[in-house]
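As structure tokens, the structure follows; a few thoughts come after it.
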Amino acid sequence: MSIAYWSTMDTRIGPFTAVVAGDGAVLASGWTGDVGELTPLISPSLAPGEVKQRRDLGPVSTAIRRYHDGDLDAVADVEVRQRSGAFREHAWEILRKVPAGEPVSYAEYAALAGNPAAVRAAASACAKNAAALFVPCHRVVRTGGGVGNFRWGVPAKQWLLTHEAA
């Protein structure tokens, strides 16, 4: 039986919770104080048998703090583990390469992921992303620059985009 660990910390835009595997890879994360909102997002093939709270998640907690304090690249090297279909997993990898402060449209994201016609699939990759911040789906906006939707709320997405544009 695998064990994962979770921790919630206060950030400038509210509580942020991360769930990590025993080896420290992020399985799920987002701006919530309720780990119960995150555990259903973990792929069944990665779902831990038990989830225990920890006060600190080591490098993951450090990266979260540093990002919110202005070090926008602090989360880039944190390992993330998500499972899905081939396109979605590839799209998540590509999304991690979108630079902070340089948001892309859903159409641009689809093209970066290798299939310009797959705009809906690219949008679905954002919607199904369990590891918010570490896989920065907030960096994908509507064509024309509209913010678009975000699992953790449009105000949070707008804050993130403004934070990264500074």
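Chain labels A, B, ... are given in the sequence in which chains occur in the structure tokens; within each chain residues are numbered consecutively from 1, and ligands are likewise numbered from 1 in the order shown.
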Q: Determine which residues of segment 87-166 of chain A DSSP labels as alpha helix (DSSP H) from the backbone of this structure, then write them out as a ChimeraX atom specification.
A: /A:87-95,106-112,119-127,154-165
Using only C-alpha atoms, which protein or nucleic acid residues come within 10 Å of segment 147-162 of chain A? Drop anything in the same chain fewer than 6 positions from it, and give the result as a PDB file with N, CA and C atoms, in the first residue's frame.
ATOM      1  N   ARG A  12      -0.738  34.184  -0.790  1.00  0.00           N
ATOM      2  CA  ARG A  12      -1.332  35.507  -1.000  1.00  0.00           C
ATOM      3  C   ARG A  12      -2.724  35.439  -1.609  1.00  0.00           C
ATOM      4  N   ILE A  13      -3.075  34.295  -2.192  1.00  0.00           N
ATOM      5  CA  ILE A  13      -4.415  34.172  -2.789  1.00  0.00           C
ATOM      6  C   ILE A  13      -5.252  33.093  -2.110  1.00  0.00           C
ATOM      7  N   GLY A  14      -4.868  32.739  -0.910  1.00  0.00           N
ATOM      8  CA  GLY A  14      -5.644  31.776  -0.149  1.00  0.00           C
ATOM      9  C   GLY A  14      -4.866  30.511   0.121  1.00  0.00           C
ATOM     10  N   GLY A  30      -3.542  22.545  -5.509  1.00  0.00           N
ATOM     11  CA  GLY A  30      -4.416  23.644  -5.898  1.00  0.00           C
ATOM     12  C   GLY A  30      -4.737  24.549  -4.730  1.00  0.00           C
ATOM     13  N   TRP A  31      -5.420  25.651  -5.054  1.00  0.00           N
ATOM     14  CA  TRP A  31      -5.752  26.674  -4.063  1.00  0.00           C
ATOM     15  C   TRP A  31      -7.022  26.287  -3.322  1.00  0.00           C
ATOM     16  N   THR A  32      -6.847  25.396  -2.375  1.00  0.00           N
ATOM     17  CA  THR A  32      -7.922  24.918  -1.524  1.00  0.00           C
ATOM     18  C   THR A  32      -7.319  24.518  -0.185  1.00  0.00           C
ATOM     19  N   HIS A  68       5.157  32.090  -4.702  1.00  0.00           N
ATOM     20  CA  HIS A  68       4.236  33.141  -4.258  1.00  0.00           C
ATOM     21  C   HIS A  68       4.963  34.400  -3.800  1.00  0.00           C
ATOM     22  N   ALA A 100       6.710  31.731 -17.486  1.00  0.00           N
ATOM     23  CA  ALA A 100       5.923  32.656 -16.663  1.00  0.00           C
ATOM     24  C   ALA A 100       5.926  34.017 -17.341  1.00  0.00           C
ATOM     25  N   GLY A 101       4.774  34.670 -17.326  1.00  0.00           N
ATOM     26  CA  GLY A 101       4.662  35.995 -17.917  1.00  0.00           C
ATOM     27  C   GLY A 101       4.434  35.985 -19.412  1.00  0.00           C
ATOM     28  N   GLU A 102       4.339  34.792 -20.011  1.00  0.00           N
ATOM     29  CA  GLU A 102       4.119  34.675 -21.453  1.00  0.00           C
ATOM     30  C   GLU A 102       2.966  33.721 -21.742  1.00  0.00           C
ATOM     31  N   PRO A 103       1.748  34.068 -21.297  1.00  0.00           N
ATOM     32  CA  PRO A 103       0.622  33.156 -21.511  1.00  0.00           C
ATOM     33  C   PRO A 103       0.379  32.892 -22.991  1.00  0.00           C
ATOM     34  N   SER A 105      -2.560  31.212 -25.920  1.00  0.00           N
ATOM     35  CA  SER A 105      -3.977  30.912 -26.133  1.00  0.00           C
ATOM     36  C   SER A 105      -4.156  29.400 -26.211  1.00  0.00           C
ATOM     37  N   TYR A 106      -5.394  28.951 -26.098  1.00  0.00           N
ATOM     38  CA  TYR A 106      -5.669  27.518 -26.236  1.00  0.00           C
ATOM     39  C   TYR A 106      -5.215  27.011 -27.594  1.00  0.00           C
ATOM     40  N   ALA A 123      -7.672  22.257 -24.285  1.00  0.00           N
ATOM     41  CA  ALA A 123      -8.479  22.826 -23.198  1.00  0.00           C
ATOM     42  C   ALA A 123      -8.814  21.747 -22.170  1.00  0.00           C
ATOM     43  N   CYS A 126      -5.989  21.143 -19.810  1.00  0.00           N
ATOM     44  CA  CYS A 126      -5.971  22.149 -18.737  1.00  0.00           C
ATOM     45  C   CYS A 126      -7.012  21.804 -17.671  1.00  0.00           C
ATOM     46  N   ALA A 127      -8.198  21.462 -18.112  1.00  0.00           N
ATOM     47  CA  ALA A 127      -9.286  21.178 -17.176  1.00  0.00           C
ATOM     48  C   ALA A 127      -9.003  19.941 -16.323  1.00  0.00           C
ATOM     49  N   LYS A 128      -8.297  18.975 -16.864  1.00  0.00           N
ATOM     50  CA  LYS A 128      -8.019  17.721 -16.154  1.00  0.00           C
ATOM     51  C   LYS A 128      -6.693  17.731 -15.398  1.00  0.00           C
ATOM     52  N   ASN A 129      -5.983  18.837 -15.461  1.00  0.00           N
ATOM     53  CA  ASN A 129      -4.699  18.950 -14.774  1.00  0.00           C
ATOM     54  C   ASN A 129      -4.909  18.907 -13.264  1.00  0.00           C
ATOM     55  N   ALA A 130      -4.305  17.924 -12.631  1.00  0.00           N
ATOM     56  CA  ALA A 130      -4.447  17.776 -11.174  1.00  0.00           C
ATOM     57  C   ALA A 130      -3.392  18.560 -10.403  1.00  0.00           C
ATOM     58  N   ALA A 132      -2.078  21.822 -10.366  1.00  0.00           N
ATOM     59  CA  ALA A 132      -2.057  23.265 -10.623  1.00  0.00           C
ATOM     60  C   ALA A 132      -0.812  23.886  -9.999  1.00  0.00           C
ATOM     61  N   LEU A 133      -0.324  24.920 -10.595  1.00  0.00           N
ATOM     62  CA  LEU A 133       0.895  25.656 -10.295  1.00  0.00           C
ATOM     63  C   LEU A 133       2.106  24.921 -10.854  1.00  0.00           C
ATOM     64  N   PRO A 136       1.434  24.597 -15.068  1.00  0.00           N
ATOM     65  CA  PRO A 136       0.781  25.908 -14.988  1.00  0.00           C
ATOM     66  C   PRO A 136      -0.333  26.143 -16.013  1.00  0.00           C
ATOM     67  N   CYS A 137      -1.446  25.471 -15.815  1.00  0.00           N
ATOM     68  CA  CYS A 137      -2.584  25.632 -16.721  1.00  0.00           C
ATOM     69  C   CYS A 137      -3.137  27.061 -16.689  1.00  0.00           C
ATOM     70  N   HIS A 138      -2.815  27.808 -15.647  1.00  0.00           N
ATOM     71  CA  HIS A 138      -3.269  29.199 -15.582  1.00  0.00           C
ATOM     72  C   HIS A 138      -2.623  30.049 -16.673  1.00  0.00           C
ATOM     73  N   ARG A 139      -1.568  29.548 -17.314  1.00  0.00           N
ATOM     74  CA  ARG A 139      -0.883  30.304 -18.363  1.00  0.00           C
ATOM     75  C   ARG A 139      -1.539  30.147 -19.729  1.00  0.00           C
ATOM     76  N   VAL A 140      -2.666  29.452 -19.781  1.00  0.00           N
ATOM     77  CA  VAL A 140      -3.411  29.306 -21.036  1.00  0.00           C
ATOM     78  C   VAL A 140      -4.664  30.163 -20.928  1.00  0.00           C
ATOM     79  N   VAL A 141      -4.824  31.059 -21.896  1.00  0.00           N
ATOM     80  CA  VAL A 141      -5.930  32.020 -21.899  1.00  0.00           C
ATOM     81  C   VAL A 141      -6.714  31.899 -23.201  1.00  0.00           C
TER      82      VAL A 141
END
Q: Check the smallest atom-to-atom distance from each of A:Leu95, A:Ala165, A:Ala4, A:Ala110 to Val35 of chain A using only C-alpha atoms, then report the winner.
A: A:Ala4
Q. Hey, what's within 8 Å of Ala122 of chain A if we count only C-alpha atoms and toss same-chain stuff fewer than 2 positions away? As a PyMOL selection string, please?
A. chain A and resi 88+91+106-107+109-110+113+118-120+124-126
Q: Considering only C-alpha atoms, return as a list of chain:residue names whatever protein or nucleic-acid residues lie within 7 Å of Arg54 of chain A, sequence-local ones (same chain, fewer than 2 positions apart) excluded.
A: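 Surrounding residues, per the criterion: A:Tyr5, A:Trp6, A:Ser7, A:Lys52, A:Asp56, A:Leu57.
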(Q) as an MDAnalysis selection string, please: every residue in segment 41-104 of chain A that a backbone DSSP assignment puts in strand (DSSP E or B). (A) chainID A and resid 50:53 80 104
**Q.** Contacts of Gly70 of chain A within 10 Å, only C-alpha atoms, excl. fewer than 6 positions in-chain, as a list in words
**A.**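 Everything that qualifies: His163, Glu164 and Ala166 of chain A.
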Selection above as a file: N, CA and C atoms, as a CSV table (one decimal), in the first residue's frame:
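Output saved as again01.csv:
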chain,number,residue,atom,x,y,z
A,163,HIS,N,0.7,38.4,-11.3
A,163,HIS,CA,1.9,38.1,-10.5
A,163,HIS,C,3.1,37.8,-11.5
A,164,GLU,N,2.8,37.0,-12.5
A,164,GLU,CA,3.8,36.6,-13.4
A,164,GLU,C,4.2,37.6,-14.4
A,166,ALA,N,4.5,40.8,-13.7
A,166,ALA,CA,5.2,41.9,-13.1
A,166,ALA,C,6.7,41.8,-13.3
Contact check, segment 1-39 of chain A to segment 73-84 of chain A, at most 9 Å, counting only C-alpha atoms, closest pairs as JSON lines:
{"residue": "A:Val20", "atom": "CA", "partner": "A:Val80", "partner_atom": "CA", "distance": 8.7}
{"residue": "A:Ala21", "atom": "CA", "partner": "A:Arg81", "partner_atom": "CA", "distance": 8.5}
{"residue": "A:Gly24", "atom": "CA", "partner": "A:Glu79", "partner_atom": "CA", "distance": 7.5}
{"residue": "A:Ala25", "atom": "CA", "partner": "A:Glu79", "partner_atom": "CA", "distance": 4.8}
{"residue": "A:Val26", "atom": "CA", "partner": "A:Val80", "partner_atom": "CA", "distance": 4.6}
{"residue": "A:Leu27", "atom": "CA", "partner": "A:Arg81", "partner_atom": "CA", "distance": 5.4}
{"residue": "A:Ala28", "atom": "CA", "partner": "A:Gln82", "partner_atom": "CA", "distance": 8.3}
Q: Have a look at atom CA of Pro116 of chain A and atom CA of Phe87 of chain A and let me know their distance in Å, one decimal.
A: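 Between atom CA of Pro116 of chain A and atom CA of Phe87 of chain A the gap is 12.3 Å.
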Q. What is the distance between atom CA of Arg96 of chain A and atom CA of Val135 of chain A, in Å to one decimal?
A.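 It comes out at 5.3 Å.
Between Ser2 of chain A and the candidates A:Ile42, A:Asp34, A:Ala47, A:Ala18, the tightest atom-to-atom separation, counting only C-alpha atoms, involves A:Ala47.
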Q. Distance atom CA of Ile94 of chain A-atom CA of Leu38 of chain A, one decimal place?
A.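 Result for atom CA of Ile94 of chain A versus atom CA of Leu38 of chain A: 22.4 Å, one decimal.
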Q) For Pro15 of chain A, which of A:Arg65, A:Leu112, A:Thr39, A:Ile3 is the closest residue, counting only C-alpha atoms? A)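 The answer is A:Arg65, which sits nearest to Pro15 of chain A.
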